[in-house]
file model27.txt (compact mmCIF, C-alpha atoms)
# COMPACT_ATOMS: atom_id res chain seq x y z
CA MET A 18 0.00 0.00 0.00
CA ILE A 19 1.24 3.51 -0.82
CA GLU A 20 0.68 6.30 1.71
CA SER A 21 -1.10 8.65 -0.72
CA PRO A 22 -1.43 9.24 -4.48
CA LEU A 23 1.62 10.70 -6.17
CA GLU A 24 1.46 14.42 -6.82
CA PRO A 25 -0.21 15.05 -10.21
CA GLY A 26 2.04 16.38 -12.95
CA CYS A 27 3.46 15.72 -16.38
CA LEU A 28 6.22 13.14 -16.19
CA ARG A 29 7.58 10.82 -18.89
CA ILE A 30 9.41 7.68 -17.77
CA ALA A 31 11.41 5.28 -19.96
CA VAL A 32 11.35 1.61 -18.95
CA PRO A 33 13.29 -1.33 -20.43
CA ARG A 34 11.83 -4.34 -22.17
CA GLY A 35 13.70 -7.56 -21.53
CA ASN A 36 14.94 -9.05 -18.27
CA LEU A 37 14.06 -6.04 -16.11
CA PHE A 38 10.60 -5.48 -17.58
CA SER A 39 8.51 -7.66 -15.27
CA GLY A 40 10.14 -6.36 -12.09
CA THR A 41 9.86 -2.79 -13.34
CA VAL A 42 6.15 -3.08 -14.12
CA ASP A 43 5.48 -4.65 -10.72
CA LEU A 44 7.38 -1.85 -9.01
CA LEU A 45 5.52 0.89 -10.90
CA GLU A 46 2.23 -0.75 -9.99
CA ASN A 47 3.27 -0.82 -6.34
CA VAL A 48 3.75 2.96 -6.33
CA GLY A 49 0.34 3.60 -7.86
CA PHE A 50 0.73 3.59 -11.65
CA ASP A 51 -1.98 2.03 -13.83
CA VAL A 52 0.18 -0.53 -15.66
CA GLY A 53 -2.49 -2.90 -17.00
CA GLU A 54 -2.02 -1.93 -20.65
CA LEU A 55 1.75 -1.74 -20.28
CA ARG A 56 1.78 -5.29 -18.93
CA ASP A 57 -0.52 -6.70 -21.63
CA ASN A 58 0.50 -4.88 -24.82
CA GLU A 59 3.94 -5.80 -26.20
CA ARG A 60 3.59 -3.80 -29.43
CA LYS A 61 2.60 -0.38 -28.16
CA LEU A 62 5.47 1.95 -27.23
CA THR A 63 3.87 4.68 -25.10
CA PHE A 64 1.31 4.30 -22.33
CA GLU A 65 -0.71 6.71 -20.23
CA VAL A 66 -0.45 5.48 -16.64
CA GLY A 67 -2.46 8.10 -14.75
CA GLU A 68 -1.96 11.55 -13.19
CA GLY A 69 -0.39 13.02 -16.36
CA ARG A 70 2.34 10.39 -16.47
CA THR A 71 3.51 8.57 -19.61
CA ILE A 72 5.61 5.41 -19.89
CA ILE A 73 7.95 4.88 -22.84
CA SER A 74 8.72 1.20 -23.42
CA THR A 75 11.99 0.60 -25.25
CA ARG A 76 15.17 -1.46 -25.53
CA PRO A 77 17.32 -1.35 -22.38
CA ALA A 78 20.25 0.19 -24.25
CA ASP A 79 18.04 3.07 -25.43
CA VAL A 80 16.69 4.10 -22.01
CA PRO A 81 19.67 6.33 -21.05
CA THR A 82 19.59 7.98 -24.48
CA TYR A 83 15.94 8.97 -24.11
CA VAL A 84 16.68 10.32 -20.63
CA GLU A 85 19.89 12.18 -21.51
CA TYR A 86 18.26 14.01 -24.41
CA GLY A 87 15.08 14.84 -22.50
CA ALA A 88 12.67 12.63 -24.44
CA ALA A 89 12.04 11.09 -21.02
CA ASP A 90 12.31 12.89 -17.70
CA ALA A 91 13.39 9.75 -15.89
CA GLY A 92 13.97 6.06 -16.49
CA ILE A 93 14.80 2.67 -15.08
CA VAL A 94 17.75 0.74 -16.48
CA GLY A 95 20.43 -1.75 -15.49
CA LYS A 96 23.71 -0.47 -14.06
CA ASP A 97 25.54 -2.46 -16.75
CA VAL A 98 24.04 -0.18 -19.43
CA LEU A 99 25.06 2.94 -17.50
CA LEU A 100 28.61 1.67 -17.00
CA GLU A 101 28.94 0.82 -20.68
CA GLN A 102 27.46 4.02 -22.10
CA GLY A 103 28.53 6.67 -19.61
CA ARG A 104 25.52 8.84 -20.39
CA ASN A 105 25.15 12.30 -18.85
CA VAL A 106 22.23 11.53 -16.51
CA TYR A 107 21.60 11.61 -12.77
CA GLU A 108 21.63 8.19 -11.12
CA LEU A 109 19.19 8.74 -8.28
CA ALA A 110 18.58 5.32 -6.76
CA ASP A 111 19.62 1.68 -6.69
CA LEU A 112 16.37 -0.29 -6.88
CA GLU A 113 18.14 -3.56 -6.02
CA TYR A 114 16.29 -5.94 -8.35
CA GLY A 115 17.48 -7.67 -11.50
CA ALA A 116 20.87 -8.38 -9.95
CA CYS A 117 23.52 -9.73 -12.32
CA ARG A 118 27.31 -9.75 -12.32
CA ILE A 119 29.65 -8.61 -15.07
CA VAL A 120 32.40 -11.22 -15.25
CA TYR A 121 35.51 -12.21 -17.16
CA ALA A 122 35.46 -15.89 -18.13
CA THR A 123 37.65 -18.25 -20.12
CA PRO A 124 37.35 -21.92 -21.12
CA ALA A 125 37.77 -24.49 -18.36
CA GLY A 126 41.14 -26.22 -18.35
CA ARG A 127 43.02 -23.24 -19.72
CA ASP A 128 45.32 -21.07 -17.64
CA PRO A 129 44.54 -17.48 -18.71
CA GLU A 130 47.81 -16.19 -17.22
CA ASP A 131 49.80 -18.77 -19.19
CA GLU A 132 47.95 -17.85 -22.37
CA LEU A 133 48.73 -14.19 -21.83
CA ARG A 134 52.42 -14.98 -21.45
CA HIS A 135 52.44 -16.89 -24.72
CA LEU A 136 50.05 -14.80 -26.77
CA GLY A 137 51.21 -11.36 -25.68
CA VAL A 138 47.83 -9.89 -26.62
CA THR A 139 44.68 -11.89 -25.90
CA ARG A 140 41.31 -11.40 -27.55
CA VAL A 141 38.20 -10.84 -25.46
CA ALA A 142 34.68 -11.00 -26.90
CA THR A 143 31.93 -8.95 -25.27
CA LYS A 144 28.75 -6.90 -25.59
CA TYR A 145 30.42 -4.41 -23.25
CA PRO A 146 33.55 -3.13 -25.03
CA ASN A 147 33.95 -0.01 -22.87
CA ILE A 148 33.62 -1.93 -19.60
CA ALA A 149 36.05 -4.57 -20.84
CA ARG A 150 38.65 -2.05 -22.02
CA ARG A 151 38.54 -0.13 -18.74
CA TYR A 152 38.87 -3.31 -16.70
CA PHE A 153 41.92 -4.61 -18.53
CA GLU A 154 43.53 -1.18 -18.76
CA GLU A 155 43.27 -0.84 -14.99
CA LEU A 156 45.03 -4.21 -14.67
CA GLY A 157 47.71 -3.12 -17.12
CA MET A 158 46.82 -6.00 -19.45
CA GLN A 159 46.98 -5.65 -23.22
CA VAL A 160 43.89 -7.13 -24.88
CA GLU A 161 42.05 -6.87 -28.17
CA VAL A 162 38.34 -6.34 -27.49
CA ILE A 163 35.95 -7.83 -30.04
CA GLU A 164 32.40 -6.49 -29.83
CA LEU A 165 29.58 -8.95 -30.46
CA LYS A 166 25.80 -8.50 -30.24
CA GLY A 167 24.87 -12.02 -29.15
CA SER A 168 26.10 -15.56 -28.38
CA ILE A 169 29.19 -14.30 -26.58
CA GLU A 170 29.85 -17.78 -25.17
CA LEU A 171 30.42 -19.08 -28.70
CA ALA A 172 33.51 -16.95 -29.28
CA PRO A 173 36.04 -19.14 -27.36
CA GLN A 174 34.55 -22.32 -28.85
CA VAL A 175 35.37 -21.24 -32.41
CA ASP A 176 38.68 -19.54 -31.49
CA LEU A 177 37.40 -16.05 -32.13
CA ALA A 178 38.53 -15.04 -28.64
CA GLU A 179 40.37 -16.50 -25.68
CA GLY A 180 37.90 -15.12 -23.14
CA ILE A 181 34.67 -13.18 -22.72
CA VAL A 182 33.28 -10.36 -20.63
CA ASP A 183 29.56 -10.87 -20.11
CA LEU A 184 26.61 -10.52 -17.76
CA THR A 185 25.58 -13.53 -15.68
CA ALA A 186 22.90 -14.11 -13.07
CA THR A 187 23.52 -17.70 -12.00
CA GLY A 188 26.57 -18.74 -14.02
CA GLU A 189 24.61 -21.60 -15.58
CA THR A 190 25.13 -20.42 -19.18
CA LEU A 191 28.88 -20.20 -18.53
CA ARG A 192 28.95 -23.74 -17.17
CA GLN A 193 26.92 -25.09 -20.07
CA ASN A 194 29.49 -23.65 -22.45
CA ASN A 195 32.50 -24.96 -20.48
CA LEU A 196 33.50 -21.48 -19.31
CA VAL A 197 34.95 -20.63 -15.92
CA GLU A 198 34.59 -17.27 -14.21
CA ARG A 199 38.03 -15.74 -13.65
CA ALA A 200 37.04 -12.36 -12.19
CA GLU A 201 34.01 -10.34 -11.17
CA ILE A 202 34.22 -6.92 -12.79
CA ASP A 203 31.08 -5.30 -11.36
CA VAL A 204 27.55 -5.92 -10.13
CA SER A 205 24.49 -4.64 -11.99
CA THR A 206 21.03 -3.91 -10.56
CA ALA A 207 18.15 -1.74 -11.74
CA ARG A 208 18.75 2.00 -11.29
CA PHE A 209 16.41 4.99 -11.36
CA ILE A 210 17.88 7.80 -13.46
CA ALA A 211 16.79 11.31 -14.40
CA ASN A 212 17.47 13.93 -17.03
CA ARG A 213 19.52 16.76 -15.50
CA VAL A 214 17.26 19.58 -16.66
CA SER A 215 14.08 17.71 -15.78
CA HIS A 216 15.44 17.07 -12.30
CA LYS A 217 15.87 20.81 -11.79
CA LEU A 218 12.42 21.70 -13.11
CA LYS A 219 10.54 18.78 -11.52
CA ALA A 220 12.79 18.02 -8.57
CA ARG A 221 10.05 17.46 -6.00
CA MET A 222 8.07 15.15 -8.27
CA ILE A 223 11.07 13.09 -9.41
CA ASP A 224 12.63 12.84 -5.96
CA GLU A 225 9.32 11.75 -4.45
CA LEU A 226 8.95 9.07 -7.11
CA ALA A 227 12.53 7.93 -6.45
CA ARG A 228 11.81 7.68 -2.74
CA ARG A 229 8.68 5.63 -3.27
CA LEU A 230 10.35 3.34 -5.78
CA VAL A 231 13.15 2.64 -3.32
CA GLU A 232 10.69 1.94 -0.50
CA ALA A 233 8.61 -0.36 -2.68
CA SER A 234 11.69 -2.21 -3.93
CA ARG A 235 12.77 -2.94 -0.33
CA LYS A 236 9.45 -4.58 0.61
call {"tool": "encode", "arguments": {"input": "model27.txt", "output": "structure tokens"}}
result
Amino acid sequence: MIESPLEPGCLRIAVPRGNLFSGTVDLLENVGFDVGELRDNERKLTFEVGEGRTIISTRPADVPTYVEYGAADAGIVGKDVLLEQGRNVYELADLEYGACRIVYATPAGRDPEDELRHLGVTRVATKYPNIARRYFEELGMQVEVIELKGSIELAPQVDLAEGIVDLTATGETLRQNNLVERAEIDVSTARFIANRVSHKLKARMIDELARRLVEASRK
């Protein structure tokens, strides 16, 4: 139960389809949004959810773009996307659901340190080239980062890369593909973000929504 209706006002919020979608819709419902159509309609892209508020439903990678450029006042997106893109937005709250880890993994039975000594430069396949480059640069390791859009686990099997940097929740996909986690790079959970100008103009409204989202996510 919420303590009272949210303050009326025009607010546009971008939410991600995909792994975070179900948890995000449940959370928005818990803070008083009318999410019935959002939950049931996979084709529509914008939804009126009450009290002058609009939801934009889009790919996770596009959420920070909509927020940075003001097409959305606020949004919910995974920390992995924020780390990869480095968008100029305010990160207001960790909502603590959708937890995954960003890891470096290589095939079982191989010694990654030994391979580095022999190869000089190792190849790493990933959907997160910026995260991967930063990680290895901080370690002082020379790697060639190969960006892929899907099936990252395939890369070591066909000798495209010696290792991967990818997102994992349980590690089961790694195990099924004979990959072993070598290092945890970061942890990703859902975050509530805001456009910088919108946060100045609608600070009370956005901050109140952030507070309620955090409270609902802790229950």
call {"tool": "closest_residue", "arguments": {"input": "model27.txt", "among": "A:Arg56, A:Lys166, A:Arg151, A:Arg70", "to": "A:Ala89", "atoms": "all atoms listed in the file"}}
result
A:Arg70
call {"tool": "closest_residue", "arguments": {"input": "model27.txt", "among": "A:Ile30, A:Leu218, A:Ala142, A:Val98", "to": "A:Glu65", "atoms": "all atoms listed in the file"}}
result
A:Ile30
call {"tool": "closest_residue", "arguments": {"input": "model27.txt", "among": "A:Ser205, A:Ser215, A:Asn47, A:Ser39", "to": "A:Val84", "atoms": "only C-alpha atoms"}}
result
A:Ser215
call {"tool": "closest_atom_pairs", "arguments": {"input": "model27.txt", "of": "stretch 158-204 of chain A", "to": "stretch 102-118 of chain A", "cutoff": "10 Å", "atoms": "all atoms listed in the file", "output": "tab-separated table"}}
result
residue	atom	partner	partner_atom	distance
A:Asp183	CA	A:Arg118	CA	8.2
A:Leu184	CA	A:Arg118	CA	5.5
A:Thr185	CA	A:Arg118	CA	5.3
A:Ala186	CA	A:Cys117	CA	4.5
A:Thr187	CA	A:Cys117	CA	8.0
A:Gly188	CA	A:Arg118	CA	9.2
A:Glu201	CA	A:Arg118	CA	6.8
A:Ile202	CA	A:Arg118	CA	7.5
A:Asp203	CA	A:Arg118	CA	5.9
A:Val204	CA	A:Arg118	CA	4.4
call {"tool": "residues_around", "arguments": {"input": "model27.txt", "residues": "A:Phe38", "least_positions_apart": "2", "cutoff": "12 Å", "atoms": "only C-alpha atoms", "output": "list in words"}}
result
Ala31, Val32, Pro33, Arg34, Gly35, Asn36, Gly40, Thr41, Val42, Asp43, Leu44, Leu45, Val52, Leu55, Arg56, Asp57, Glu59, Ile73, Ser74, Thr75, Arg76, Pro77, Ile93, Val94, Gly95, Tyr114, Gly115 and Ala207 of chain A
call {"tool": "atom_distance", "arguments": {"input": "model27.txt", "atom1": "atom CA of A:Gln159", "atom2": "atom CA of A:Thr206"}}
result
28.9 Å
call {"tool": "atom_distance", "arguments": {"input": "model27.txt", "atom1": "atom CA of A:Leu171", "atom2": "atom CA of A:Arg199"}}
result
17.2 Å
call {"tool": "closest_residue", "arguments": {"input": "model27.txt", "among": "A:Glu101, A:Glu46, A:Glu154, A:Glu68", "to": "A:Arg229", "atoms": "only C-alpha atoms"}}
result
A:Glu46
call {"tool": "closest_residue", "arguments": {"input": "model27.txt", "among": "A:Pro81, A:Lys144, A:Val197, A:Asp97", "to": "A:Gly167", "atoms": "only C-alpha atoms"}}
result
A:Lys144
call {"tool": "closest_residue", "arguments": {"input": "model27.txt", "among": "A:Arg228, A:Arg29, A:Arg60, A:Arg140", "to": "A:Asp176", "atoms": "all atoms listed in the file"}}
result
A:Arg140
call {"tool": "atom_distance", "arguments": {"input": "model27.txt", "atom1": "atom CA of A:Glu179", "atom2": "atom CA of A:Ala125"}}
result
11.1 Å
call {"tool": "residues_around", "arguments": {"input": "model27.txt", "residues": "A:Ile169", "least_positions_apart": "3", "cutoff": "7 Å", "atoms": "only C-alpha atoms", "output": "number ranges by chain"}}
result
A: 142-143, 165, 172, 181
